[in-house]
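Q: Got a structure for you, coords-v3.csv, holding CSV, C-alpha atoms and all ligand atoms.
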chain,number,residue,atom,x,y,z
A,1,MET,CA,-14.2,15.3,6.7
A,2,ARG,CA,-11.3,12.9,6.4
A,3,LYS,CA,-10.6,11.0,9.6
A,4,ILE,CA,-7.0,10.8,10.5
A,5,LEU,CA,-5.5,7.3,10.5
A,6,ILE,CA,-2.3,6.2,12.3
A,7,ALA,CA,-1.3,2.8,10.9
A,8,GLY,CA,1.7,1.0,12.4
A,9,ASN,CA,3.8,-0.9,9.8
A,10,TRP,CA,5.7,-3.4,12.0
A,11,LYS,CA,7.6,-4.8,9.1
A,12,MET,CA,9.4,-8.1,10.1
A,13,ASN,CA,9.2,-7.3,13.8
A,14,GLN,CA,7.1,-8.8,16.7
A,15,GLY,CA,6.0,-12.4,16.4
A,16,PRO,CA,2.8,-13.7,18.0
A,17,GLU,CA,4.2,-13.6,21.6
A,18,GLU,CA,5.5,-10.1,21.3
A,19,THR,CA,2.3,-9.0,19.6
A,20,ALA,CA,0.2,-10.4,22.5
A,21,HIS,CA,2.5,-8.6,24.9
A,22,PHE,CA,2.2,-5.3,22.9
A,23,PHE,CA,-1.6,-5.4,23.3
A,24,GLU,CA,-1.5,-6.4,26.9
A,25,GLU,CA,0.5,-3.3,27.6
A,26,PHE,CA,-1.4,-1.2,25.1
A,27,SER,CA,-4.8,-2.0,26.7
A,28,LYS,CA,-3.4,-0.9,30.1
A,29,ILE,CA,-2.5,2.5,28.6
A,30,ARG,CA,-5.4,3.0,26.3
A,31,LYS,CA,-8.6,2.5,28.1
A,32,GLU,CA,-11.1,4.6,26.1
A,33,PRO,CA,-12.2,3.9,22.6
A,34,LEU,CA,-10.8,5.9,19.7
A,35,LYS,CA,-13.5,8.3,18.7
A,36,LYS,CA,-12.1,10.9,16.4
A,37,ALA,CA,-9.2,9.1,14.7
A,38,ASP,CA,-8.6,5.6,13.3
A,39,GLY,CA,-5.8,3.3,14.4
A,40,ALA,CA,-4.3,0.2,12.9
A,41,VAL,CA,-1.4,-2.2,13.3
A,42,CYS,CA,0.0,-4.2,10.4
A,43,PRO,CA,2.1,-7.0,11.9
A,44,PRO,CA,3.8,-9.9,10.1
A,45,TYR,CA,1.3,-12.5,8.8
A,46,VAL,CA,1.9,-14.9,11.7
A,47,SER,CA,1.0,-12.3,14.2
A,48,LEU,CA,-2.3,-11.2,12.7
A,49,ASN,CA,-4.4,-13.5,14.9
A,50,GLU,CA,-2.9,-12.2,18.1
A,51,ALA,CA,-3.2,-8.7,16.8
A,52,LYS,CA,-6.8,-9.2,16.0
A,53,LYS,CA,-7.5,-10.5,19.5
A,54,GLY,CA,-5.8,-7.5,21.0
A,55,ALA,CA,-7.2,-4.9,18.6
A,56,ASP,CA,-10.8,-6.1,19.3
A,57,LYS,CA,-10.4,-5.0,22.9
A,58,VAL,CA,-9.8,-1.3,21.9
A,59,GLU,CA,-12.6,0.2,19.9
A,60,GLY,CA,-11.3,2.0,16.8
A,61,ILE,CA,-8.1,-0.1,16.4
A,62,ARG,CA,-8.1,-2.4,13.3
A,63,ILE,CA,-5.5,-4.7,11.8
A,64,GLY,CA,-3.9,-4.9,8.4
A,65,ALA,CA,-1.4,-7.0,6.5
A,66,GLN,CA,1.8,-5.8,4.9
A,67,ASN,CA,1.3,-7.6,1.6
A,68,LEU,CA,-0.9,-10.0,-0.4
A,69,TYR,CA,-0.8,-11.9,-3.6
A,70,PHE,CA,-3.1,-11.1,-6.5
A,71,GLU,CA,-4.3,-14.6,-7.3
A,72,ASP,CA,-7.1,-16.3,-5.4
A,73,SER,CA,-5.4,-19.7,-4.6
A,74,GLY,CA,-3.1,-22.2,-6.1
A,75,ALA,CA,0.6,-23.1,-6.5
A,76,TYR,CA,2.2,-19.8,-5.3
A,77,THR,CA,4.5,-21.0,-2.5
A,78,GLY,CA,4.9,-18.5,0.2
A,79,GLU,CA,2.1,-16.2,-0.8
A,80,VAL,CA,-1.1,-15.2,1.0
A,81,SER,CA,-4.4,-14.3,-0.7
A,82,ALA,CA,-6.9,-11.4,-0.1
A,83,ALA,CA,-9.6,-13.9,1.0
A,84,MET,CA,-7.2,-15.3,3.7
A,85,LEU,CA,-6.5,-11.9,5.0
A,86,LYS,CA,-10.2,-11.0,5.1
A,87,GLU,CA,-10.9,-14.3,7.0
A,88,THR,CA,-8.2,-13.3,9.5
A,89,GLY,CA,-10.0,-10.1,10.3
A,90,CYS,CA,-7.9,-7.6,8.3
A,91,THR,CA,-9.4,-4.3,7.4
A,92,TYR,CA,-6.3,-2.9,5.6
A,93,VAL,CA,-3.4,-4.2,3.5
A,94,ILE,CA,-0.3,-2.3,2.7
A,95,THR,CA,0.7,-2.5,-1.0
A,96,GLY,CA,3.7,-1.2,-2.9
A,97,HIS,CA,5.9,-0.4,0.1
A,98,SER,CA,9.3,0.8,-1.1
A,99,GLU,CA,11.0,-2.2,0.6
A,100,ARG,CA,8.8,-4.5,-1.5
A,101,ARG,CA,9.5,-2.5,-4.6
A,102,SER,CA,13.3,-2.4,-4.1
A,103,LEU,CA,14.0,-5.7,-2.3
A,104,PHE,CA,11.4,-7.9,-4.0
A,105,GLY,CA,11.1,-6.3,-7.4
A,106,GLU,CA,7.4,-5.2,-7.2
A,107,SER,CA,6.2,-3.1,-10.1
A,108,ASP,CA,3.4,-0.6,-10.4
A,109,SER,CA,1.6,-3.2,-12.4
A,110,ASP,CA,1.9,-5.9,-9.6
A,111,ILE,CA,0.7,-3.3,-7.1
A,112,ARG,CA,-2.3,-2.4,-9.4
A,113,LYS,CA,-3.3,-6.1,-9.5
A,114,LYS,CA,-2.9,-6.4,-5.7
A,115,ASN,CA,-5.1,-3.4,-5.1
A,116,LEU,CA,-7.8,-4.8,-7.4
A,117,LYS,CA,-7.8,-8.1,-5.6
A,118,ALA,CA,-7.8,-6.4,-2.2
A,119,LEU,CA,-10.8,-4.3,-3.2
A,120,GLU,CA,-12.7,-7.4,-4.5
A,121,HIS,CA,-12.4,-8.8,-1.0
A,122,ALA,CA,-13.4,-5.5,0.7
A,123,LEU,CA,-9.9,-4.9,2.1
A,124,THR,CA,-8.6,-1.3,2.0
A,125,PRO,CA,-5.2,-1.0,0.3
A,126,ILE,CA,-2.8,1.5,1.8
A,127,THR,CA,-0.7,2.1,-1.3
A,128,CYS,CA,2.8,3.5,-0.9
A,129,VAL,CA,4.5,5.9,-3.3
A,130,GLY,CA,7.6,8.0,-2.9
A,131,GLU,CA,10.9,9.0,-4.4
A,132,VAL,CA,14.5,8.0,-3.5
A,133,LEU,CA,17.0,10.6,-2.5
A,134,LYS,CA,18.7,10.7,-5.9
A,135,GLU,CA,15.4,11.5,-7.5
A,136,ARG,CA,14.6,14.3,-5.1
A,137,LYS,CA,18.1,15.8,-5.5
A,138,ALA,CA,17.5,15.8,-9.3
A,139,ASP,CA,14.2,17.5,-8.7
A,140,ARG,CA,12.4,14.5,-10.2
A,141,HIS,CA,10.2,13.7,-7.1
A,142,TYR,CA,6.9,14.9,-8.6
A,143,ASP,CA,7.5,13.0,-11.9
A,144,VAL,CA,8.3,9.8,-10.0
A,145,VAL,CA,5.2,10.0,-7.8
A,146,ARG,CA,3.0,10.9,-10.8
A,147,GLU,CA,4.3,7.8,-12.6
A,148,GLN,CA,3.6,5.6,-9.6
A,149,ILE,CA,0.1,6.9,-9.0
A,150,THR,CA,-0.9,6.7,-12.7
A,151,GLY,CA,0.7,3.3,-13.0
A,152,VAL,CA,-1.0,1.8,-9.9
A,153,PHE,CA,-4.5,3.3,-10.6
A,154,GLU,CA,-4.6,2.9,-14.3
A,155,GLY,CA,-8.1,1.8,-15.4
A,156,PHE,CA,-9.6,2.1,-12.0
A,157,ASP,CA,-12.9,3.8,-11.7
A,158,PRO,CA,-13.4,6.7,-9.2
A,159,GLN,CA,-15.2,4.5,-6.7
A,160,GLN,CA,-12.3,2.0,-6.6
A,161,VAL,CA,-9.8,4.8,-6.0
A,162,ASN,CA,-12.0,6.2,-3.3
A,163,SER,CA,-11.8,2.9,-1.5
A,164,CYS,CA,-8.0,3.1,-1.3
A,165,ILE,CA,-5.6,5.0,0.9
A,166,ILE,CA,-2.4,6.5,-0.4
A,167,ALA,CA,0.8,6.8,1.7
A,168,TYR,CA,3.4,9.2,0.6
A,169,GLU,CA,6.7,7.8,1.9
A,170,PRO,CA,9.8,9.5,0.7
A,171,VAL,CA,12.3,6.6,0.7
A,172,TRP,CA,15.1,8.8,2.1
A,173,ALA,CA,13.0,9.4,5.2
A,174,ILE,CA,12.2,5.7,5.9
A,175,GLY,CA,14.0,4.4,9.0
A,176,THR,CA,16.6,7.1,8.7
A,177,GLY,CA,15.4,9.5,11.4
A,178,GLU,CA,15.3,12.2,8.7
A,179,THR,CA,11.7,13.2,8.4
A,180,ALA,CA,10.3,15.3,5.5
A,181,THR,CA,9.6,18.8,6.7
A,182,PRO,CA,5.8,19.5,7.1
A,183,GLN,CA,6.1,21.8,4.1
A,184,GLN,CA,7.7,19.1,1.9
A,185,ALA,CA,5.0,16.6,3.0
A,186,GLN,CA,2.2,19.1,2.4
A,187,GLU,CA,3.5,20.1,-1.1
A,188,MET,CA,3.6,16.4,-2.2
A,189,HIS,CA,0.3,15.6,-0.6
A,190,ALA,CA,-1.4,18.5,-2.4
A,191,PHE,CA,0.3,17.4,-5.6
A,192,ILE,CA,-1.1,13.9,-5.2
A,193,ARG,CA,-4.6,15.2,-4.4
A,194,ASP,CA,-4.5,17.3,-7.5
A,195,LEU,CA,-3.5,14.3,-9.6
A,196,ILE,CA,-6.4,12.3,-8.2
A,197,LYS,CA,-8.7,15.2,-9.0
A,198,GLU,CA,-7.4,15.4,-12.6
A,199,HIS,CA,-7.9,11.6,-13.2
A,200,PHE,CA,-10.8,10.6,-10.9
A,201,GLY,CA,-12.7,13.8,-10.1
A,202,ALA,CA,-13.1,16.4,-7.3
A,203,ASN,CA,-15.1,14.2,-5.0
A,204,VAL,CA,-12.6,11.4,-4.8
A,205,ALA,CA,-9.8,13.9,-4.4
A,206,GLU,CA,-11.6,15.5,-1.5
A,207,GLU,CA,-12.4,12.2,0.2
A,208,ILE,CA,-9.3,10.1,-0.3
A,209,ARG,CA,-6.9,9.8,2.7
A,210,ILE,CA,-3.3,10.5,2.1
A,211,LEU,CA,-0.9,9.4,4.9
A,212,TYR,CA,2.7,10.5,5.4
A,213,GLY,CA,5.3,7.9,6.2
A,214,GLY,CA,9.0,8.2,7.0
A,215,SER,CA,10.4,8.6,10.5
A,216,MET,CA,7.1,9.9,11.9
A,217,LYS,CA,7.2,9.9,15.7
A,218,PRO,CA,5.4,11.6,18.6
A,219,ASP,CA,7.9,14.5,18.3
A,220,ASN,CA,7.0,15.5,14.8
A,221,ALA,CA,3.6,13.9,14.2
A,222,GLY,CA,1.6,17.0,15.4
A,223,GLU,CA,3.1,19.3,12.9
A,224,LEU,CA,2.8,16.8,10.1
A,225,VAL,CA,-0.9,15.8,10.6
A,226,SER,CA,-1.8,19.5,11.0
A,227,GLN,CA,-1.0,20.1,7.4
A,228,PRO,CA,-4.3,20.4,5.4
A,229,ASP,CA,-3.5,17.5,3.0
A,230,VAL,CA,-1.9,15.1,5.5
A,231,ASP,CA,-4.5,12.7,6.8
A,232,GLY,CA,-2.4,10.6,9.1
A,233,GLY,CA,0.7,8.4,9.1
A,234,LEU,CA,2.1,5.1,8.2
A,235,VAL,CA,4.6,4.6,11.0
A,236,GLY,CA,7.3,2.0,11.3
A,237,GLY,CA,9.8,2.3,14.2
A,238,ALA,CA,7.7,4.5,16.4
A,239,SER,CA,4.7,2.2,16.3
A,240,LEU,CA,6.5,-0.8,17.8
A,241,LYS,CA,6.1,0.2,21.4
A,242,PRO,CA,2.7,0.6,23.0
A,243,ASN,CA,3.6,4.0,24.4
A,244,GLY,CA,4.8,5.4,21.1
A,245,PHE,CA,1.7,4.1,19.3
A,246,HIS,CA,-0.6,5.5,22.0
A,247,GLU,CA,1.1,8.9,21.9
A,248,LEU,CA,0.6,9.0,18.1
A,249,LEU,CA,-3.0,8.2,18.5
A,250,LYS,CA,-3.5,10.9,21.0
A,251,ILE,CA,-1.9,13.4,18.6
A,252,ALA,CA,-4.2,12.2,15.8
A,253,GLU,CA,-7.3,12.6,18.1
A,254,LYS,CA,-6.3,16.0,19.2
A,255,GLN,CA,-5.8,17.2,15.7
A,256,SER,CA,-9.2,15.9,14.7
A,257,GLY,CA,-10.7,18.3,17.2
A,301,LIG,P1,9.6,4.4,9.7
A,301,LIG,O1,9.0,3.5,8.5
A,301,LIG,O2,8.5,5.1,10.4
A,301,LIG,O3,10.4,3.5,10.6
A,301,LIG,O4,10.5,5.4,8.9
A,301,LIG,C1,7.8,3.9,7.8
A,301,LIG,C2,7.5,2.9,6.8
A,301,LIG,O5,8.4,2.3,6.2
A,301,LIG,O6,6.3,2.6,6.5
So, in terms of structure tokens, how does the structure I just supplied come out?
A:
Amino acid sequence: MRKILIAGNWKMNQGPEETAHFFEEFSKIRKEPLKKADGAVCPPYVSLNEAKKGADKVEGIRIGAQNLYFEDSGAYTGEVSAAMLKETGCTYVITGHSERRSLFGESDSDIRKKNLKALEHALTPITCVGEVLKERKADRHYDVVREQITGVFEGFDPQQVNSCIIAYEPVWAIGTGETATPQQAQEMHAFIRDLIKEHFGANVAEEIRILYGGSMKPDNAGELVSQPDVDGGLVGGASLKPNGFHELLKIAEKQSG
């Protein structure tokens, strides 16, 4: 049984003070531990410490980073290593987000190296894939996602893939308010699961969690996570407020029975 995960991707929002405030408010709303679903917040690096303090007060909520570098240490100004994230209490790290691919030139090969380094330090990568609008309109979305998945996981053994989470984020749905329909999400998630089965076997395909991302909010999350191959969400805007995050977690728990 795959446990639903709602992971908040805060992007470049909420510094340490706002993060502390978020958890102050959140702990007033959310009193019971999360039992049936998993929750995570991925704030900017500088807010990870505050997030960890806050998350530790609500059982079932963990923290993650939004990026890492694939070297251990050294002259890489501005970068942060997997070991540092682990030391800060991270469980997850987002890799290959479309904003990193398009604004910072990250390639599948970079993302592959980042995933390997994360796994070496027992961090769970949440690896993003997804097509831009032009590619969907040209009916190339399956090809694009196939290329990303095979590029990022090239040479991985099944166990390594099983220790990752994939997030399907159609770029045209990110921050636009235009969500993929539950059918569009389900079709792509099933396609990704089939690809994983083809390359890494049926067991990994059955167990790996595939999240949906792109304008997920309390209004549409129920229908999305009720799709058989949608195992949760990577949520930007709607995860920034304690109430919205709490609503999403409630939906995830309800869906998990
Ligand atoms: P959004 O962002 O929920 O604001 O569309 C999702 C993401 O980019 O991970």
Q: For Asp194 (chain A), work out the shell of residues within 12 Å, counting only C-alpha atoms and skipping chain neighbours fewer than 2 positions away, then give it as a list in words.
A: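 The residues that qualify are Tyr142, Arg146, Ile149, Glu187, Met188, His189, Ala190, Phe191, Ile192, Ile196, Lys197, Glu198, His199, Phe200, Gly201, Ala202, Asn203, Val204, Ala205, Glu206, Ile208, Ile210 and Asp229 of chain A.
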Q: Here is a test: counting only C-alpha atoms, which residue of A:Ile166, A:Leu240, A:Ala252, A:Ile63 is nearest to Phe22 (chain A)?
A: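 Closest candidate: A:Leu240.
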Q: Tell me which protein, DNA and RNA residues are within 12 Å of Gly54 (chain A), counting only C-alpha atoms, leaving out same-chain ones fewer than 4 positions away, and put them as a PDB file with C-alpha atoms, keeping the file's coordinate frame.
A:
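around_5.pdb, freshly written:
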ATOM      1  CA  PRO A  16       2.800 -13.700  18.000  1.00  0.00           C
ATOM      2  CA  GLU A  17       4.200 -13.600  21.600  1.00  0.00           C
ATOM      3  CA  GLU A  18       5.500 -10.100  21.300  1.00  0.00           C
ATOM      4  CA  THR A  19       2.300  -9.000  19.600  1.00  0.00           C
ATOM      5  CA  ALA A  20       0.200 -10.400  22.500  1.00  0.00           C
ATOM      6  CA  HIS A  21       2.500  -8.600  24.900  1.00  0.00           C
ATOM      7  CA  PHE A  22       2.200  -5.300  22.900  1.00  0.00           C
ATOM      8  CA  PHE A  23      -1.600  -5.400  23.300  1.00  0.00           C
ATOM      9  CA  GLU A  24      -1.500  -6.400  26.900  1.00  0.00           C
ATOM     10  CA  GLU A  25       0.500  -3.300  27.600  1.00  0.00           C
ATOM     11  CA  PHE A  26      -1.400  -1.200  25.100  1.00  0.00           C
ATOM     12  CA  SER A  27      -4.800  -2.000  26.700  1.00  0.00           C
ATOM     13  CA  LYS A  28      -3.400  -0.900  30.100  1.00  0.00           C
ATOM     14  CA  ARG A  30      -5.400   3.000  26.300  1.00  0.00           C
ATOM     15  CA  ALA A  40      -4.300   0.200  12.900  1.00  0.00           C
ATOM     16  CA  VAL A  41      -1.400  -2.200  13.300  1.00  0.00           C
ATOM     17  CA  SER A  47       1.000 -12.300  14.200  1.00  0.00           C
ATOM     18  CA  LEU A  48      -2.300 -11.200  12.700  1.00  0.00           C
ATOM     19  CA  ASN A  49      -4.400 -13.500  14.900  1.00  0.00           C
ATOM     20  CA  GLU A  50      -2.900 -12.200  18.100  1.00  0.00           C
ATOM     21  CA  VAL A  58      -9.800  -1.300  21.900  1.00  0.00           C
ATOM     22  CA  GLU A  59     -12.600   0.200  19.900  1.00  0.00           C
ATOM     23  CA  GLY A  60     -11.300   2.000  16.800  1.00  0.00           C
ATOM     24  CA  ILE A  61      -8.100  -0.100  16.400  1.00  0.00           C
ATOM     25  CA  ARG A  62      -8.100  -2.400  13.300  1.00  0.00           C
ATOM     26  CA  ILE A  63      -5.500  -4.700  11.800  1.00  0.00           C
ATOM     27  CA  GLY A  89     -10.000 -10.100  10.300  1.00  0.00           C
ATOM     28  CA  PRO A 242       2.700   0.600  23.000  1.00  0.00           C
TER      29      PRO A 242
END
Q: Could you please extract the residues within 10 Å of ligand LIG 301 (chain A), counting all atoms listed in the file, and hand them back as a ChimeraX atom specification?
A: /A:7-11,66,94,97-99,128,167-179,212-217,233-240
Q: Just the number, please: distance in Å from CA of Ser107 (chain A) to CA of Phe156 (chain A), one decimal.
A: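 Between CA of Ser107 (chain A) and CA of Phe156 (chain A) the gap works out to 16.7 Å.
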Q: For Pro125 (chain A), which residue out of A:Lys113, A:Lys53, A:Arg140, A:Arg101 is the nearest one, using only C-alpha atoms?
A: A:Lys113
Q: So, counting all atoms listed in the file, which residue among A:Leu34, A:Met1, A:Ile111, A:Leu123 is closest to Asp231 (chain A)?
A: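 Residue with the minimum atom-to-atom distance to Asp231 (chain A): A:Met1.
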Q: Rank A:His121, A:Lys86, A:Lys31, A:Ile165 by their smallest atom-to-atom distance to Leu211 (chain A), using only C-alpha atoms, and report the top residue only.
A: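 Counting only C-alpha atoms, the residue closest to Leu211 (chain A) is A:Ile165.
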Q: With all atoms listed in the file as the basis for distance, which of A:Arg100, A:Arg2, A:Lys35, A:Lys114 is at the shortest distance from Val129 (chain A)?
A: A:Arg100
Q: What is the CA of Ser256 (chain A) to CA of Lys36 (chain A) distance in Å?
A: 6.0 Å
Q: Quick one: of A:Asn67, A:Ser109, A:Thr181, A:Thr124, who's nearest to Glu147 (chain A), counting only C-alpha atoms?
A: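 Going through A:Asn67, A:Ser109, A:Thr181, A:Thr124 one by one, the smallest distance to Glu147 (chain A) is for A:Ser109.
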Q: Enter the distance from CA of Thr150 (chain A) to CA of Cys164 (chain A), in Å, rounded to one decimal.
A: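 Those two atoms sit 13.9 Å apart.
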Q: Name the residues in contact with Glu131 (chain A) at a cut-off of 7 Å, using all atoms listed in the file, excluding same-chain residues fewer than 4 positions from it; report them as a ChimeraX atom specification.
A: /A:135-136,141,144-145,170-171
Q: With only C-alpha atoms as the counted atoms, please give the residues lying no more than 6 Å from Leu5 (chain A), apart from itself and same-chain residues fewer than 2 positions off, as a short mmCIF file (atom, residue, chain, number, x, y, z; two decimals) with C-alpha atoms, in the frame of the given file.
A:
data_model
loop_
_atom_site.label_atom_id
_atom_site.label_comp_id
_atom_site.auth_asym_id
_atom_site.auth_seq_id
_atom_site.Cartn_x
_atom_site.Cartn_y
_atom_site.Cartn_z
CA ALA A 37 -9.20 9.10 14.70
CA ASP A 38 -8.60 5.60 13.30
CA GLY A 39 -5.80 3.30 14.40
CA GLY A 232 -2.40 10.60 9.10
#
